Every structure is written in structure tokens, then in C-alpha cells.
file data-v9.tsv (TSV, C-alpha atoms)
chain	number	residue	atom	x	y	z
B	18	PHE	CA	25.37	-26.35	-32.63
B	19	GLN	CA	22.01	-25.70	-30.96
B	20	ALA	CA	23.02	-27.90	-28.04
B	21	ALA	CA	26.30	-26.01	-27.75
B	22	THR	CA	24.52	-22.65	-27.53
B	23	CYS	CA	22.72	-23.91	-24.44
B	24	GLU	CA	26.07	-23.84	-22.66
B	25	LEU	CA	25.90	-20.04	-22.85
B	26	GLN	CA	23.47	-20.23	-19.95
B	27	ARG	CA	26.50	-20.98	-17.80
B	28	ILE	CA	28.36	-17.75	-18.65
B	29	ASP	CA	29.07	-15.53	-15.65
B	30	PHE	CA	29.14	-11.88	-16.73
B	31	ARG	CA	30.27	-10.90	-13.24
B	32	GLY	CA	33.57	-12.66	-13.87
B	33	LEU	CA	34.29	-10.96	-17.19
B	34	ALA	CA	36.51	-7.90	-17.42
B	35	TYR	CA	35.67	-5.05	-19.80
B	36	GLY	CA	37.65	-6.30	-22.82
B	37	PRO	CA	36.56	-9.95	-22.75
B	38	LYS	CA	32.94	-8.90	-22.11
B	39	LYS	CA	32.98	-6.56	-25.11
B	40	ALA	CA	34.51	-9.21	-27.37
B	41	PHE	CA	32.08	-11.84	-26.09
B	42	CYS	CA	29.00	-9.69	-26.77
B	43	ILE	CA	30.16	-8.85	-30.30
B	44	ASN	CA	30.86	-12.48	-31.13
B	45	VAL	CA	27.56	-13.71	-29.67
B	46	TYR	CA	25.61	-11.02	-31.54
B	47	ASN	CA	27.10	-12.04	-34.89
B	48	MET	CA	26.55	-15.72	-34.13
B	49	MET	CA	22.92	-15.11	-33.14
B	50	VAL	CA	22.20	-13.40	-36.47
B	51	ILE	CA	23.56	-16.33	-38.47
B	52	HIS	CA	21.76	-18.83	-36.23
B	53	ALA	CA	18.46	-16.97	-36.60
B	54	TYR	CA	18.81	-16.74	-40.39
B	55	CYS	CA	19.15	-20.51	-40.52
B	56	ALA	CA	16.44	-21.31	-37.97
B	57	TRP	CA	13.82	-18.58	-38.47
B	58	GLY	CA	14.58	-17.05	-41.83
B	59	VAL	CA	15.62	-13.69	-43.24
B	60	PRO	CA	13.55	-10.54	-42.55
B	61	SER	CA	12.79	-8.56	-45.69
B	62	THR	CA	10.76	-5.55	-44.50
B	63	MET	CA	11.43	-2.87	-41.90
B	64	LEU	CA	8.73	-4.27	-39.60
B	65	GLN	CA	10.21	-7.74	-39.88
B	66	ARG	CA	13.66	-6.37	-39.08
B	67	LEU	CA	12.35	-4.68	-35.93
B	68	GLN	CA	10.76	-7.99	-34.90
B	69	PHE	CA	13.99	-9.80	-35.73
B	70	PHE	CA	16.18	-7.62	-33.51
B	71	GLY	CA	13.64	-7.73	-30.70
B	72	THR	CA	12.78	-11.44	-30.66
B	73	VAL	CA	15.97	-13.29	-31.63
B	74	ALA	CA	17.50	-14.03	-28.23
B	75	TYR	CA	19.82	-16.27	-26.21
B	76	ASP	CA	19.87	-17.16	-22.54
B	77	LEU	CA	23.20	-15.81	-21.29
B	78	GLY	CA	24.00	-16.56	-17.68
B	79	GLY	CA	20.36	-17.19	-16.83
B	80	LEU	CA	19.02	-13.95	-18.32
B	81	VAL	CA	17.54	-13.54	-21.81
B	82	TYR	CA	19.17	-11.07	-24.22
B	83	SER	CA	17.79	-10.20	-27.65
B	84	LEU	CA	19.96	-8.78	-30.42
B	85	ASN	CA	18.64	-5.37	-29.42
B	86	ASP	CA	19.58	-6.00	-25.79
B	87	LEU	CA	23.12	-7.03	-26.69
B	88	GLU	CA	23.80	-4.08	-28.97
B	89	ASN	CA	21.90	-1.21	-27.39
B	90	GLY	CA	21.62	-2.49	-23.85
B	91	LEU	CA	25.03	-3.99	-23.08
B	92	LEU	CA	27.44	-2.70	-25.74
B	93	ARG	CA	26.07	0.84	-26.15
B	94	GLY	CA	25.63	1.48	-22.44
B	95	ASN	CA	21.82	1.15	-22.48
B	96	ARG	CA	21.14	3.77	-25.14
B	97	ARG	CA	17.97	4.04	-27.19
B	98	PRO	CA	18.09	2.11	-30.46
B	99	PRO	CA	17.42	4.01	-33.69
B	100	ALA	CA	13.67	4.48	-34.24
B	101	SER	CA	12.90	3.68	-30.59
B	102	LEU	CA	11.55	5.94	-27.84
B	103	SER	CA	12.88	3.95	-24.90
B	104	LYS	CA	16.06	2.35	-23.63
B	105	PRO	CA	16.34	-1.45	-23.66
B	106	PHE	CA	16.68	-1.79	-19.87
B	107	SER	CA	14.77	-0.05	-17.10
B	108	ALA	CA	16.63	1.08	-13.98
B	109	ASP	CA	15.61	-2.03	-12.03
B	110	ASP	CA	16.28	-4.51	-14.85
B	111	PRO	CA	18.43	-7.42	-13.56
B	112	ARG	CA	20.64	-7.05	-16.64
B	113	MET	CA	21.65	-3.46	-15.81
B	114	PRO	CA	24.71	-4.46	-13.71
B	115	PHE	CA	26.27	-6.01	-16.82
B	116	VAL	CA	25.97	-2.94	-19.05
B	117	LEU	CA	29.31	-1.67	-20.42
B	118	GLN	CA	29.67	1.79	-18.94
B	119	GLU	CA	32.62	2.70	-21.18
B	120	ARG	CA	31.06	3.18	-24.62
B	121	ASP	CA	33.01	2.39	-27.78
B	122	ALA	CA	31.65	3.58	-31.15
B	123	ARG	CA	33.90	1.10	-32.93
B	124	ILE	CA	31.46	-1.71	-32.11
B	125	HIS	CA	29.47	-0.48	-35.11
B	126	PHE	CA	32.34	-1.61	-37.33
B	127	ALA	CA	32.14	-5.09	-35.80
B	128	LEU	CA	28.43	-5.93	-35.51
B	129	ASN	CA	26.91	-7.64	-38.54
B	130	CYS	CA	23.10	-7.76	-38.76
B	131	GLY	CA	23.17	-9.84	-41.95
B	132	ALA	CA	22.85	-7.01	-44.49
B	133	LYS	CA	25.37	-6.51	-47.29
B	134	SER	CA	26.14	-2.98	-46.06
B	135	CYS	CA	27.15	-4.29	-42.63
B	136	PRO	CA	30.80	-4.74	-41.68
B	137	PRO	CA	32.18	-8.24	-42.36
B	138	VAL	CA	31.99	-10.82	-39.59
B	139	LYS	CA	35.22	-11.20	-37.66
B	140	TYR	CA	36.15	-13.04	-34.49
B	141	PHE	CA	37.21	-10.84	-31.58
B	142	THR	CA	39.34	-11.90	-28.62
B	143	GLY	CA	39.29	-10.57	-25.10
B	144	GLU	CA	43.06	-10.14	-25.06
B	145	ALA	CA	43.35	-8.09	-28.27
B	146	VAL	CA	39.87	-6.62	-28.78
B	147	GLU	CA	41.10	-3.01	-28.74
B	148	GLU	CA	43.57	-3.55	-31.57
B	149	GLU	CA	41.08	-5.75	-33.44
B	150	LEU	CA	38.45	-3.01	-33.26
B	151	ARG	CA	40.99	-0.43	-34.42
B	152	LEU	CA	41.72	-2.56	-37.48
B	153	ALA	CA	38.00	-3.16	-38.10
B	154	ALA	CA	37.31	0.59	-37.93
B	155	THR	CA	40.12	1.44	-40.33
B	156	ALA	CA	39.08	-1.28	-42.77
B	157	PHE	CA	35.45	-0.13	-42.75
B	158	CYS	CA	36.26	3.54	-43.23
B	159	GLU	CA	38.72	2.85	-46.06
B	160	MET	CA	36.01	1.18	-48.16
B	161	PRO	CA	34.54	3.75	-50.61
B	162	GLU	CA	31.04	2.33	-50.16
B	163	ASN	CA	31.26	3.42	-46.50
B	164	VAL	CA	33.33	6.63	-46.56
B	165	SER	CA	34.23	8.69	-49.61
B	166	ILE	CA	34.73	12.31	-50.65
B	167	GLU	CA	33.41	13.56	-53.97
B	168	GLY	CA	33.12	17.15	-55.12
B	169	GLY	CA	33.54	18.56	-51.64
B	170	THR	CA	30.84	16.31	-50.19
B	171	LEU	CA	31.51	13.69	-47.54
B	172	HIS	CA	29.60	10.49	-48.32
B	173	LEU	CA	29.04	8.24	-45.33
B	174	SER	CA	27.40	4.94	-44.44
B	175	LYS	CA	24.02	5.34	-42.75
B	176	ILE	CA	25.61	3.78	-39.68
B	177	PHE	CA	27.16	7.18	-38.92
B	178	SER	CA	23.70	8.77	-38.98
B	179	TRP	CA	21.85	6.12	-36.97
B	180	TYR	CA	24.47	6.13	-34.22
B	181	ALA	CA	25.56	9.77	-34.36
B	182	VAL	CA	25.35	10.06	-30.57
B	183	ASP	CA	28.02	7.35	-30.29
B	184	PHE	CA	30.40	8.77	-32.89
B	185	GLY	CA	30.29	12.39	-31.82
B	186	PRO	CA	30.95	15.37	-34.11
B	187	LEU	CA	31.66	14.65	-37.76
B	188	PRO	CA	33.96	14.75	-39.61
B	189	ALA	CA	36.35	14.94	-36.64
B	190	ALA	CA	35.35	11.45	-35.48
B	191	LEU	CA	36.70	9.95	-38.70
B	192	SER	CA	40.22	11.30	-38.39
B	193	GLY	CA	41.43	8.42	-36.27
B	194	TRP	CA	40.30	5.82	-38.78
B	195	LEU	CA	41.55	7.27	-42.06
B	196	ARG	CA	45.11	7.32	-43.40
B	197	GLY	CA	47.19	8.89	-46.13
B	198	GLU	CA	45.37	10.61	-48.99
B	199	ALA	CA	41.92	9.92	-47.50
B	200	LEU	CA	42.91	11.67	-44.26
B	201	ALA	CA	44.34	14.64	-46.19
B	202	GLN	CA	41.11	14.94	-48.21
B	203	LEU	CA	39.09	14.86	-45.01
B	204	ALA	CA	41.18	17.64	-43.47
B	205	ALA	CA	40.72	19.75	-46.61
B	206	LEU	CA	36.94	19.67	-46.15
B	207	GLY	CA	37.15	21.72	-42.97
B	208	ASP	CA	35.04	21.38	-39.84
B	209	ASN	CA	31.58	21.70	-41.37
B	210	PRO	CA	31.42	19.92	-44.74
B	211	LYS	CA	28.32	18.87	-46.61
B	212	ILE	CA	27.48	15.30	-45.59
B	213	LYS	CA	25.40	12.86	-47.60
B	214	TYR	CA	24.41	9.49	-46.16
B	215	LEU	CA	24.51	6.56	-48.55
B	216	PRO	CA	21.61	4.13	-49.09
B	217	TYR	CA	21.86	1.03	-46.92
B	218	ASP	CA	21.80	-2.29	-48.76
B	219	TRP	CA	19.62	-4.61	-46.65
B	220	SER	CA	19.90	-7.53	-49.05
B	221	THR	CA	21.85	-10.57	-47.87
B	222	ASN	CA	23.99	-13.41	-49.15
B	223	ALA	CA	21.77	-15.94	-47.39
B	224	LYS	CA	20.47	-17.48	-50.59
B	225	THR	CA	19.38	-20.78	-49.00
B	226	SER	CA	17.77	-19.38	-45.84
B	227	PRO	CA	13.96	-19.34	-45.60
B	228	LYS	CA	11.92	-16.15	-45.33
B	229	TRP	CA	11.23	-14.73	-41.88
B	230	SER	CA	8.39	-16.70	-40.33
B	231	ARG	CA	7.94	-15.52	-36.74
call {"tool": "encode", "arguments": {"input": "data-v9.tsv", "output": "C-alpha cells"}}
result
Amino acid sequence: FQAATCELQRIDFRGLAYGPKKAFCINVYNMMVIHAYCAWGVPSTMLQRLQFFGTVAYDLGGLVYSLNDLENGLLRGNRRPPASLSKPFSADDPRMPFVLQERDARIHFALNCGAKSCPPVKYFTGEAVEEELRLAATAFCEMPENVSIEGGTLHLSKIFSWYAVDFGPLPAALSGWLRGEALAQLAALGDNPKIKYLPYDWSTNAKTSPKWSR
């Protein structure tokens, strides 16, 4: 597997259209997390998680991309990560030409950082990534541990708080990903409901992986 990942150095981002590039970055991100858990261990503190996202990296097409670079640099259109004061890439960074200019908040329903509260890992294809992301968004938002309404309060995953700039105004942003009774309940809340963000479960299922050691 490690030898196979070296072949990623041959990827040519310049030859990838928007859809295949988006699917590729999502898939590589999820693969990197699993690879790092096996090779370097599982981070257990906030500081270790920041180190994890900033140091776990692959050479893609001759340029090095960390998990942070893939998510916030390429996929989010070079936006600041949560808890960061700066963007991943400077204006003259050689990776800037490969940034996805068309931002898609649904990537947050596809990226799995290894925590139990993350969306499940799925494989995305360049040909059908838009439909696959639509299904991933609907599945995530239909899980009560991610989106629920109780006593007039909208309970949401912390993902919606961390990446609020990507999702836009709530609860309107949710209307495209809910169906049936859940959608009717959302509409009944009105335009300015009380919102409570749920605790994020950072524990993992990686029972045999070592502890983070970088």
C-alpha cells in the first residue's frame, strides 16, 4: 500500500476537471487519515489533532499537501480552517492554481477525520460525485445525532458551526437535505430558531492503532 501511494506523485491536477478533482481530493483525504492512523497513531488531544491535520501529508503531482491543505486549501477554496488565523496557501503558493474555485459545502458530509461524529467513509467517483454528495448530505442530515428538532430547538452537529461560512444562513441551508416530516418540522421553526450545537465525539473505532507519536 505504501508503495502504491507513491504513484500519487504522478497525478496531474492540470488534467482533472472540477468533478473528478473534487472526488479525488475527498478520497485521498479519507485514505490519508486511515493511513496515518495505522502508521503514526491516533491523536487524542486538541493539540495533537492540530498537529495531525498539519503534518500528515502526501506528495500529489510533485507538491506536498497535508490534510489541512486538501480540505481547506483545495476543497474549500483556500479558506481559513477553524481555529486558524491564516489561509493554507499564500497568493504565490505553487498549489494555488489547483484550488477549487467553486465551493461545495457538501464536502463536509464526505470528509472523515477518524472521529465517530464524522460522516462515514464512502468512495466518490468523478462521473457521479454530485449525486453521491447529494446522497451523503441527505444521509448525514437525516441522522438524529447530526440534525434533530426538540422542543422548538434545532440541534445540529458542530460541523455546521465550524464551517458556517460554507453553509450559509441556517436553517435555510438545511432545507435541501431534509425530507418529509423532518423538512416540515424545520419549516415550522421559522427563519430564526434557537440553535444548539451538539458535542462532537472525537473517539474512534481504531482499537488496534497506536497512540499519536509525532
call {"tool": "residues_around", "arguments": {"input": "data-v9.tsv", "residues": "Asp121 of chain B", "least_positions_apart": "3", "cutoff": "12 Å", "atoms": "only C-alpha atoms", "output": "list of chain:residue names"}}
result
B:Tyr35, B:Gly36, B:Lys39, B:Ala40, B:Ile43, B:Glu88, B:Asn89, B:Leu91, B:Leu92, B:Arg93, B:Gly94, B:Leu117, B:Gln118, B:Ile124, B:His125, B:Phe126, B:Ala127, B:Val146, B:Glu147, B:Leu150, B:Arg151, B:Ala154, B:Tyr180, B:Val182, B:Asp183, B:Phe184, B:Gly185
call {"tool": "atom_distance", "arguments": {"input": "data-v9.tsv", "atom1": "atom CA of Arg66 of chain B", "atom2": "atom CA of Phe18 of chain B"}}
result
24.0 Å
call {"tool": "residues_around", "arguments": {"input": "data-v9.tsv", "residues": "Phe115 of chain B", "least_positions_apart": "2", "cutoff": "12 Å", "atoms": "only C-alpha atoms", "output": "count of residues only"}}
result
30
call {"tool": "residues_near_point", "arguments": {"input": "data-v9.tsv", "point": "(21.5, -9.5, -29.9)", "cutoff": "12 Å", "atoms": "only C-alpha atoms", "output": "ChimeraX atom specification"}}
result
/B:41-53,67-77,81-93,105,128-130
call {"tool": "residues_near_point", "arguments": {"input": "data-v9.tsv", "point": "(24.4, 1.9, -50.3)", "cutoff": "7 Å", "atoms": "all atoms listed in the file", "output": "JSON, numbers by chain"}}
result
{"B": [134, 162, 215, 216, 217, 218]}
call {"tool": "closest_residue", "arguments": {"input": "data-v9.tsv", "among": "B:Leu25, B:Ala122, B:Pro37, B:Ile176", "to": "Phe141 of chain B", "atoms": "only C-alpha atoms"}}
result
B:Pro37
call {"tool": "closest_residue", "arguments": {"input": "data-v9.tsv", "among": "B:Leu195, B:Ala56, B:Leu206, B:Ile28", "to": "Ala153 of chain B", "atoms": "only C-alpha atoms"}}
result
B:Leu195
call {"tool": "atom_distance", "arguments": {"input": "data-v9.tsv", "atom1": "atom CA of Tyr54 of chain B", "atom2": "atom CA of Cys158 of chain B"}}
result
26.9 Å
call {"tool": "closest_residue", "arguments": {"input": "data-v9.tsv", "among": "B:Glu144, B:Glu24, B:Asp208, B:Glu149", "to": "Leu187 of chain B", "atoms": "all atoms listed in the file"}}
result
B:Asp208
call {"tool": "closest_residue", "arguments": {"input": "data-v9.tsv", "among": "B:Ala132, B:Arg27, B:Ile166, B:Ala21", "to": "Val59 of chain B", "atoms": "all atoms listed in the file"}}
result
B:Ala132
call {"tool": "closest_residue", "arguments": {"input": "data-v9.tsv", "among": "B:Leu173, B:Lys104, B:Pro186, B:Gly197", "to": "Ile212 of chain B", "atoms": "only C-alpha atoms"}}
result
B:Leu173
call {"tool": "atom_distance", "arguments": {"input": "data-v9.tsv", "atom1": "atom CA of Arg120 of chain B", "atom2": "atom CA of Glu159 of chain B"}}
result
22.8 Å
call {"tool": "residues_around", "arguments": {"input": "data-v9.tsv", "residues": "Lys213 of chain B", "least_positions_apart": "4", "cutoff": "12 Å", "atoms": "only C-alpha atoms", "output": "list in words"}}
result
Asn163, Val164, Ser165, Ile166, Glu167, Gly168, Gly169, Thr170, Leu171, His172, Leu173, Ser174, Lys175, Phe177, Ser178, Leu187 and Pro188 of chain B
call {"tool": "closest_residue", "arguments": {"input": "data-v9.tsv", "among": "B:Asn222, B:Met63, B:Trp57, B:Asn209", "to": "Pro137 of chain B", "atoms": "only C-alpha atoms"}}
result
B:Asn222
